[in-house]
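Novice: Here you go, run-v6.txt (compact mmCIF, C-alpha atoms and all ligand atoms):
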```
# COMPACT_ATOMS: atom_id res chain seq x y z
CA MET A 1 123.87 111.60 118.33
CA LEU A 2 123.71 107.88 118.86
CA ILE A 3 125.22 105.90 115.99
CA LEU A 4 123.03 102.91 115.16
CA GLU A 5 124.27 99.72 113.53
CA THR A 6 122.36 97.10 111.58
CA PRO A 7 123.87 94.09 109.79
CA ARG A 8 124.34 96.04 106.53
CA LEU A 9 124.06 99.69 107.54
CA THR A 10 125.49 102.38 109.79
CA LEU A 11 123.18 105.22 110.82
CA ARG A 12 125.16 108.31 111.79
CA PRO A 13 124.78 112.11 111.77
CA TYR A 14 125.00 113.98 108.48
CA THR A 15 127.98 116.33 108.13
CA SER A 16 128.70 119.14 105.67
CA GLU A 17 130.79 116.65 103.68
CA ASP A 18 127.56 114.87 102.74
CA ALA A 19 126.11 117.94 100.98
CA ASP A 20 126.62 116.53 97.46
CA PHE A 21 124.72 113.38 98.38
CA VAL A 22 121.93 115.35 100.07
CA LEU A 23 121.57 117.52 96.96
CA ASP A 24 121.58 114.47 94.68
CA LEU A 25 118.90 112.81 96.83
CA TYR A 26 116.53 115.72 97.35
CA SER A 27 116.87 117.27 93.89
CA ARG A 28 115.01 114.26 92.44
CA MET A 29 111.26 114.48 91.93
CA GLU A 30 111.00 110.67 92.21
CA VAL A 31 112.18 111.08 95.82
CA GLN A 32 110.18 114.24 96.58
CA ARG A 33 106.91 113.43 94.87
CA PHE A 34 105.19 111.91 97.91
CA LEU A 35 106.71 114.28 100.49
CA GLY A 36 104.31 116.91 101.78
CA ALA A 37 101.39 118.72 100.20
CA ASN A 38 103.50 120.68 97.69
CA PRO A 39 106.55 118.65 96.71
CA LYS A 40 109.48 120.61 95.36
CA THR A 41 113.02 119.62 94.56
CA MET A 42 116.19 120.98 96.14
CA GLN A 43 117.95 123.44 93.88
CA ASP A 44 121.53 123.87 95.06
CA ARG A 45 124.29 122.83 97.45
CA ALA A 46 123.66 125.81 99.75
CA GLU A 47 120.16 124.45 100.41
CA ALA A 48 121.67 121.04 101.22
CA LEU A 49 124.10 122.61 103.71
CA THR A 50 121.29 124.58 105.39
CA LEU A 51 119.24 121.39 105.73
CA ILE A 52 122.17 119.47 107.22
CA GLU A 53 122.60 122.25 109.83
CA ALA A 54 118.87 122.21 110.64
CA TRP A 55 118.94 118.42 110.99
CA ALA A 56 121.81 118.61 113.52
CA ARG A 57 119.60 120.81 115.73
CA ARG A 58 116.93 118.07 115.83
CA ASP A 59 119.18 115.71 117.80
CA ASP A 60 117.83 115.43 121.35
CA GLY A 61 119.30 112.04 122.21
CA THR A 62 116.11 110.25 121.13
CA CYS A 63 114.85 112.07 118.05
CA GLY A 64 117.21 112.90 115.24
CA ILE A 65 117.97 112.65 111.54
CA TRP A 66 120.40 109.94 110.48
CA ALA A 67 122.46 109.48 107.33
CA VAL A 68 122.19 105.82 106.33
CA GLN A 69 125.45 104.43 105.03
CA GLU A 70 126.21 101.01 103.58
CA LYS A 71 128.86 99.11 105.49
CA THR A 72 131.90 98.19 103.50
CA VAL A 73 132.84 94.52 103.32
CA GLN A 74 135.53 95.25 105.90
CA GLU A 75 133.11 96.98 108.25
CA LYS A 76 130.86 93.95 108.22
CA THR A 77 133.66 91.92 109.77
CA VAL A 78 135.70 94.44 111.81
CA GLN A 79 135.01 97.95 113.06
CA ASP A 80 136.49 100.19 110.41
CA GLN A 81 136.20 103.86 109.63
CA ASP A 82 136.14 103.38 105.84
CA ALA A 83 133.09 105.17 104.49
CA GLY A 84 130.65 103.07 102.47
CA ASN A 85 128.07 104.57 100.13
CA LEU A 86 125.38 106.81 101.51
CA THR A 87 121.96 105.40 100.73
CA GLY A 88 119.40 107.70 102.35
CA THR A 89 117.94 109.43 105.39
CA LEU A 90 116.09 108.11 108.43
CA LEU A 91 114.04 110.58 110.48
CA LEU A 92 112.56 110.42 113.99
CA LYS A 93 111.01 113.78 114.86
CA PRO A 94 107.95 115.65 116.16
CA ILE A 95 105.28 115.74 113.45
CA PRO A 96 103.51 119.09 112.85
CA ALA A 97 99.72 119.29 113.17
CA SER A 98 97.64 120.59 110.28
CA GLY A 99 96.76 124.28 110.53
CA PRO A 100 98.26 127.56 109.42
CA GLU A 101 100.94 127.54 112.14
CA ARG A 102 101.93 123.88 111.76
CA LYS A 103 102.19 123.57 115.57
CA PRO A 104 103.69 120.38 117.05
CA SER A 105 100.98 117.72 117.22
CA GLY A 106 102.54 115.99 120.24
CA ASP A 107 103.24 112.88 118.15
CA ILE A 108 106.64 111.61 117.03
CA GLU A 109 106.94 110.38 113.45
CA ILE A 110 109.36 108.05 111.75
CA GLY A 111 110.22 108.56 108.08
CA TRP A 112 112.60 107.37 105.34
CA HIS A 113 113.99 108.97 102.19
CA PHE A 114 116.27 106.76 100.11
CA HIS A 115 118.24 107.29 96.91
CA PRO A 116 116.69 105.43 93.96
CA ASP A 117 120.02 103.60 93.43
CA SER A 118 119.39 101.97 96.83
CA TRP A 119 115.69 101.16 96.51
CA GLY A 120 114.50 97.57 96.59
CA LYS A 121 117.30 96.21 98.80
CA GLY A 122 115.35 96.27 102.06
CA TYR A 123 117.48 99.13 103.39
CA ALA A 124 114.55 101.38 104.37
CA SER A 125 113.01 98.53 106.36
CA GLU A 126 116.33 97.58 107.99
CA ALA A 127 117.15 101.17 108.98
CA GLY A 128 113.54 101.96 109.94
CA ALA A 129 113.35 98.95 112.28
CA ALA A 130 116.57 100.05 114.02
CA VAL A 131 115.30 103.61 114.56
CA LEU A 132 111.90 102.43 115.78
CA GLN A 133 113.63 100.16 118.30
CA HIS A 134 115.91 103.04 119.34
CA GLY A 135 112.87 105.29 119.91
CA PHE A 136 111.13 102.71 122.09
CA LYS A 137 114.34 101.97 124.02
CA HIS A 138 114.47 105.69 124.81
CA GLY A 139 110.92 105.67 126.16
CA LEU A 140 108.73 106.97 123.35
CA PRO A 141 105.24 105.65 124.10
CA ARG A 142 104.11 105.65 120.47
CA VAL A 143 105.54 106.36 117.03
CA VAL A 144 103.49 107.33 113.97
CA ALA A 145 104.23 107.30 110.25
CA VAL A 146 102.23 109.04 107.57
CA THR A 147 102.37 108.31 103.87
CA ASN A 148 100.81 109.63 100.72
CA PRO A 149 97.92 107.24 99.91
CA ALA A 150 99.69 106.35 96.64
CA ASN A 151 103.06 105.60 98.24
CA THR A 152 102.86 101.80 98.16
CA ALA A 153 106.56 101.24 98.85
CA SER A 154 106.49 103.36 102.01
CA MET A 155 103.29 101.73 103.26
CA ARG A 156 104.97 98.37 102.73
CA VAL A 157 107.97 99.49 104.80
CA CYS A 158 105.57 100.53 107.61
CA GLY A 159 104.00 97.09 107.59
CA LYS A 160 107.33 95.27 107.48
CA ILE A 161 108.66 97.03 110.61
CA GLY A 162 105.47 96.56 112.61
CA LEU A 163 103.55 99.82 112.20
CA GLN A 164 99.83 99.21 111.93
CA HIS A 165 97.56 100.97 109.50
CA GLN A 166 94.90 103.01 111.28
CA SER A 167 93.02 105.24 108.83
CA SER A 168 93.25 108.14 106.44
CA THR A 169 93.79 111.37 108.34
CA ASP A 170 94.13 115.10 107.69
CA ARG A 171 95.56 115.66 111.19
CA TYR A 172 99.12 116.38 109.98
CA TYR A 173 100.98 118.42 107.34
CA ASN A 174 97.80 120.08 105.95
CA THR A 175 97.15 117.11 103.69
CA VAL A 176 95.41 113.74 103.67
CA CYS A 177 97.75 110.88 104.64
CA GLU A 178 97.52 107.24 105.53
CA LEU A 179 98.29 106.93 109.25
CA PHE A 180 100.35 104.06 110.68
CA THR A 181 101.18 103.67 114.39
CA ALA A 182 103.22 101.48 116.71
CA GLU A 183 102.93 101.40 120.51
CA ASN A 184 105.97 100.88 122.72
CA PRO A 185 105.94 97.16 123.60
CA ASN A 186 108.14 97.64 126.71
C1 LIG W 201 109.73 104.44 100.41
C2 LIG W 201 111.16 104.05 100.18
C3 LIG W 201 112.01 104.56 101.33
C4 LIG W 201 111.26 102.52 100.13
O1 LIG W 201 112.63 102.18 99.98
P1 LIG W 201 113.12 100.72 99.67
O2 LIG W 201 114.57 100.68 99.87
O3 LIG W 201 112.62 100.28 98.35
O4 LIG W 201 112.39 99.92 100.82
P2 LIG W 201 112.50 98.38 101.16
O5 LIG W 201 113.33 97.69 100.13
O6 LIG W 201 112.92 98.27 102.59
O7 LIG W 201 110.98 97.87 101.08
C5 LIG W 201 110.12 98.31 100.07
C6 LIG W 201 108.97 97.32 99.96
O8 LIG W 201 107.97 97.91 99.12
C7 LIG W 201 107.76 97.09 97.98
N1 LIG W 201 107.52 98.01 96.87
C8 LIG W 201 108.35 98.90 96.34
N2 LIG W 201 107.75 99.57 95.36
C9 LIG W 201 106.50 99.08 95.27
C10 LIG W 201 105.37 99.35 94.44
N3 LIG W 201 105.42 100.31 93.53
N4 LIG W 201 104.26 98.64 94.65
C11 LIG W 201 104.19 97.69 95.60
N5 LIG W 201 105.21 97.39 96.42
C12 LIG W 201 106.35 98.08 96.25
C13 LIG W 201 109.02 96.30 97.84
O9 LIG W 201 108.81 95.12 97.11
C14 LIG W 201 109.37 96.04 99.31
O10 LIG W 201 108.56 95.03 99.87
P3 LIG W 201 109.08 93.51 100.01
O11 LIG W 201 110.37 93.56 100.78
O12 LIG W 201 108.00 92.82 100.75
O13 LIG W 201 109.30 93.01 98.63
C15 LIG W 201 111.71 104.61 98.85
O14 LIG W 201 110.85 104.26 97.82
C16 LIG W 201 111.87 106.12 98.87
O15 LIG W 201 112.83 106.65 99.42
N6 LIG W 201 110.93 106.85 98.23
C17 LIG W 201 111.02 108.30 98.14
C18 LIG W 201 110.82 109.00 99.47
C19 LIG W 201 109.52 108.60 100.13
O16 LIG W 201 108.48 108.58 99.49
N7 LIG W 201 109.59 108.33 101.43
C20 LIG W 201 108.45 107.95 102.21
C21 LIG W 201 107.70 109.12 102.66
S1 LIG W 201 106.28 108.61 103.61
```
Translate the structure described by the file into C-alpha cells.
Specialist:
Amino acid sequence: MLILETPRLTLRPYTSEDADFVLDLYSRMEVQRFLGANPKTMQDRAEALTLIEAWARRDDGTCGIWAVQEKTVQEKTVQDQDAGNLTGTLLLKPIPASGPERKPSGDIEIGWHFHPDSWGKGYASEAGAAVLQHGFKHGLPRVVAVTNPANTASMRVCGKIGLQHQSSTDRYYNTVCELFTAENPN
C-alpha cells in the first residue's frame, strides 16, 4: 500500500499492533453514531484484529484503508521511523448500493473516522485531501462521500477538500445520506 505524507501526518497500512487503537476508536458511540443505518460499537480486540485483516484485503494500489498517524517533531524535519500517535482512519473504497444484497454501486467513496482526542485539529481535512489527490492521480474519474444529514463536522470536511454537495440520496447503504462528489480535474 502506498504510504502518503502530509505536513503533519503519515498515512500507512494498519497492522495487528494497532488493534488496541482500533478498538478504542470504534468502541465509542460518539465515533459510530453517524456510521451506517444501525450504528453499533466494537466489543473486543478480536473484532479489531478481524477488521484490520479485512482492511488489508481492500488494498488494490488505488483504494485502501489507511491508519493516520501524527508525525513526531523529528519526523517533520527528517525521515524517521519513530511512531507518532494514531489519530484515525482514512478510507477509499467501493461504496455498496442500497438493496438487500448491498451490491457494489460502481462508485468509489472517501471516508474518515477520527479519535475524539484528535478532532478539531484539521486532521480529517488534511488526510482526506491527500487521499482524494491520490485517488485522482491513480485515475479515478469521480469520488463520492456520503454523510448522515446531521453530521455537520463531516459535511464541513467534504466542503473543505473540494467535494460538492449534490442532494439527499437513498442510493447507498440502505439509508438516507447527504451526497457529495468530486470529479477528477486531470
Ligand atoms: C467527521 C470527523 C472526521 C471530523 O474530524 P475533525 O478532525 O474534527 O475534522 P477537521 O478538523 O478536519 O474539520 C472539521 C470541521 O468541521 C467543523 N465542525 C466540527 N464540529 C462541528 C459542529 N458540530 N458543527 C459545525 N461545524 C463543526 C470544524 O470547525 C471544522 O471546520 P473549520 O476547519 O472550518 O473550523 C470527526 O468528527 C469524526 O471522526 N467523527 C466520527 C466519525 C464520522 O462521523 N465520520 C464521518 C462519517 S461520514
Novice: For a cut-off of 12 Å around (95.2, 112.3, 106.0), file coordinates, pick out all residues using all atoms listed in the file and list them as a PyMOL selection string.
Specialist: chain A and resi 36-37+97-98+145-150+166-180
Novice: Please, could you write that set of residues out with C-alpha atoms as an mmCIF file, in the coordinates of the input?
Specialist:
```cif
data_model
loop_
_atom_site.group_PDB
_atom_site.id
_atom_site.type_symbol
_atom_site.label_atom_id
_atom_site.label_comp_id
_atom_site.auth_asym_id
_atom_site.auth_seq_id
_atom_site.Cartn_x
_atom_site.Cartn_y
_atom_site.Cartn_z
ATOM 1 C CA GLY A 36 104.310 116.910 101.780
ATOM 2 C CA ALA A 37 101.390 118.720 100.200
ATOM 3 C CA ALA A 97 99.720 119.290 113.170
ATOM 4 C CA SER A 98 97.640 120.590 110.280
ATOM 5 C CA ALA A 145 104.230 107.300 110.250
ATOM 6 C CA VAL A 146 102.230 109.040 107.570
ATOM 7 C CA THR A 147 102.370 108.310 103.870
ATOM 8 C CA ASN A 148 100.810 109.630 100.720
ATOM 9 C CA PRO A 149 97.920 107.240 99.910
ATOM 10 C CA ALA A 150 99.690 106.350 96.640
ATOM 11 C CA GLN A 166 94.900 103.010 111.280
ATOM 12 C CA SER A 167 93.020 105.240 108.830
ATOM 13 C CA SER A 168 93.250 108.140 106.440
ATOM 14 C CA THR A 169 93.790 111.370 108.340
ATOM 15 C CA ASP A 170 94.130 115.100 107.690
ATOM 16 C CA ARG A 171 95.560 115.660 111.190
ATOM 17 C CA TYR A 172 99.120 116.380 109.980
ATOM 18 C CA TYR A 173 100.980 118.420 107.340
ATOM 19 C CA ASN A 174 97.800 120.080 105.950
ATOM 20 C CA THR A 175 97.150 117.110 103.690
ATOM 21 C CA VAL A 176 95.410 113.740 103.670
ATOM 22 C CA CYS A 177 97.750 110.880 104.640
ATOM 23 C CA GLU A 178 97.520 107.240 105.530
ATOM 24 C CA LEU A 179 98.290 106.930 109.250
ATOM 25 C CA PHE A 180 100.350 104.060 110.680
#
```
Novice: Taking 6 positions as the minimum chain separation for residues in the same chain, which residues sit within 9 Å of Tyr123 in chain A when counting all atoms listed in the file? Answer as a PyMOL selection string.
Specialist: chain A and resi 8-9+68+70+87-88+114
Novice: Ligand LIG 201 (chain W): which residues are within 7 Å, counting all atoms listed in the file? Reply as a short mmCIF file (atom, residue, chain, number, x, y, z; two decimals) with C-alpha atoms, in the frame of the given file.
Specialist:
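Output below, filename result-v5.cif:
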```cif
data_model
loop_
_atom_site.label_atom_id
_atom_site.label_comp_id
_atom_site.auth_asym_id
_atom_site.auth_seq_id
_atom_site.Cartn_x
_atom_site.Cartn_y
_atom_site.Cartn_z
CA GLU A 30 111.00 110.67 92.21
CA VAL A 31 112.18 111.08 95.82
CA GLN A 32 110.18 114.24 96.58
CA ARG A 33 106.91 113.43 94.87
CA PHE A 34 105.19 111.91 97.91
CA LEU A 35 106.71 114.28 100.49
CA GLY A 111 110.22 108.56 108.08
CA TRP A 112 112.60 107.37 105.34
CA HIS A 113 113.99 108.97 102.19
CA PHE A 114 116.27 106.76 100.11
CA HIS A 115 118.24 107.29 96.91
CA PRO A 116 116.69 105.43 93.96
CA SER A 118 119.39 101.97 96.83
CA TRP A 119 115.69 101.16 96.51
CA GLY A 120 114.50 97.57 96.59
CA LYS A 121 117.30 96.21 98.80
CA GLY A 122 115.35 96.27 102.06
CA TYR A 123 117.48 99.13 103.39
CA ALA A 124 114.55 101.38 104.37
CA SER A 125 113.01 98.53 106.36
CA GLU A 126 116.33 97.58 107.99
CA VAL A 146 102.23 109.04 107.57
CA THR A 147 102.37 108.31 103.87
CA ASN A 148 100.81 109.63 100.72
CA ASN A 151 103.06 105.60 98.24
CA THR A 152 102.86 101.80 98.16
CA ALA A 153 106.56 101.24 98.85
CA SER A 154 106.49 103.36 102.01
CA ARG A 156 104.97 98.37 102.73
CA VAL A 157 107.97 99.49 104.80
#
```
Novice: Enter the distance from CA of Ser27 in chain A to CA of Leu49 in chain A, in Å, rounded to one decimal.
Specialist: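 About the pair CA of Ser27 in chain A and CA of Leu49 in chain A: they are 13.3 Å apart.
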Novice: Taking only C-alpha atoms into account, which of A:Asp20, A:Ala56, A:Asp117, A:Ala127 comes nearest Lys93 in chain A?
Specialist: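 With only C-alpha atoms as the atom set, the closest residue is A:Ala56.
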Novice: Excluding same-chain residues fewer than 4 positions from Ala54 in chain A, what lies within 12 Å of it counting all atoms listed in the file, as a PyMOL selection string?
Specialist: chain A and resi 13-16+47-50+58-59+64-65
Novice: Could you jot down the CA of Glu17 in chain A to CA of Trp66 in chain A separation for me, Å, one decimal place?
Specialist: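 Those two atoms sit 14.1 Å apart.
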Novice: Could you tell me which of A:Leu4, A:Cys158, A:Leu25, A:Ile108 comes closest to Gly139 in chain A if we count only C-alpha atoms?
Specialist: A:Ile108
Novice: Smallest atom-to-atom distance to His138 in chain A: which of A:Leu2, A:Met29, A:Met42, A:Leu91, using only C-alpha atoms?
Specialist: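 Smallest separation from His138 in chain A among the options: A:Leu2.
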Novice: Using all atoms of range 27-31 of chain A listed in the file and a margin of 4 Å per side, can you give the axis-aligned box centre and edge lengths in Å to one decimal, as JSON?
Specialist:
```
{"center_x": 113.9, "center_y": 114.0, "center_z": 93.9, "size_x": 13.9, "size_y": 14.6, "size_z": 11.9}
```
Novice: Quick one: distance from CA of Leu90 in chain A to CA of Val143 in chain A in Å, one decimal?
Specialist: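 Computing it gives 13.7 Å between the two atoms.
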Novice: Hey, what's within 7 Å of Leu163 in chain A if we count all atoms listed in the file and toss same-chain stuff fewer than 2 positions away? As a list in words, please?
Specialist: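 Counting all atoms listed in the file, the residues come to Cys158, Gly159, Ile161, His165, Phe180, Thr181 and Ala182 of chain A.
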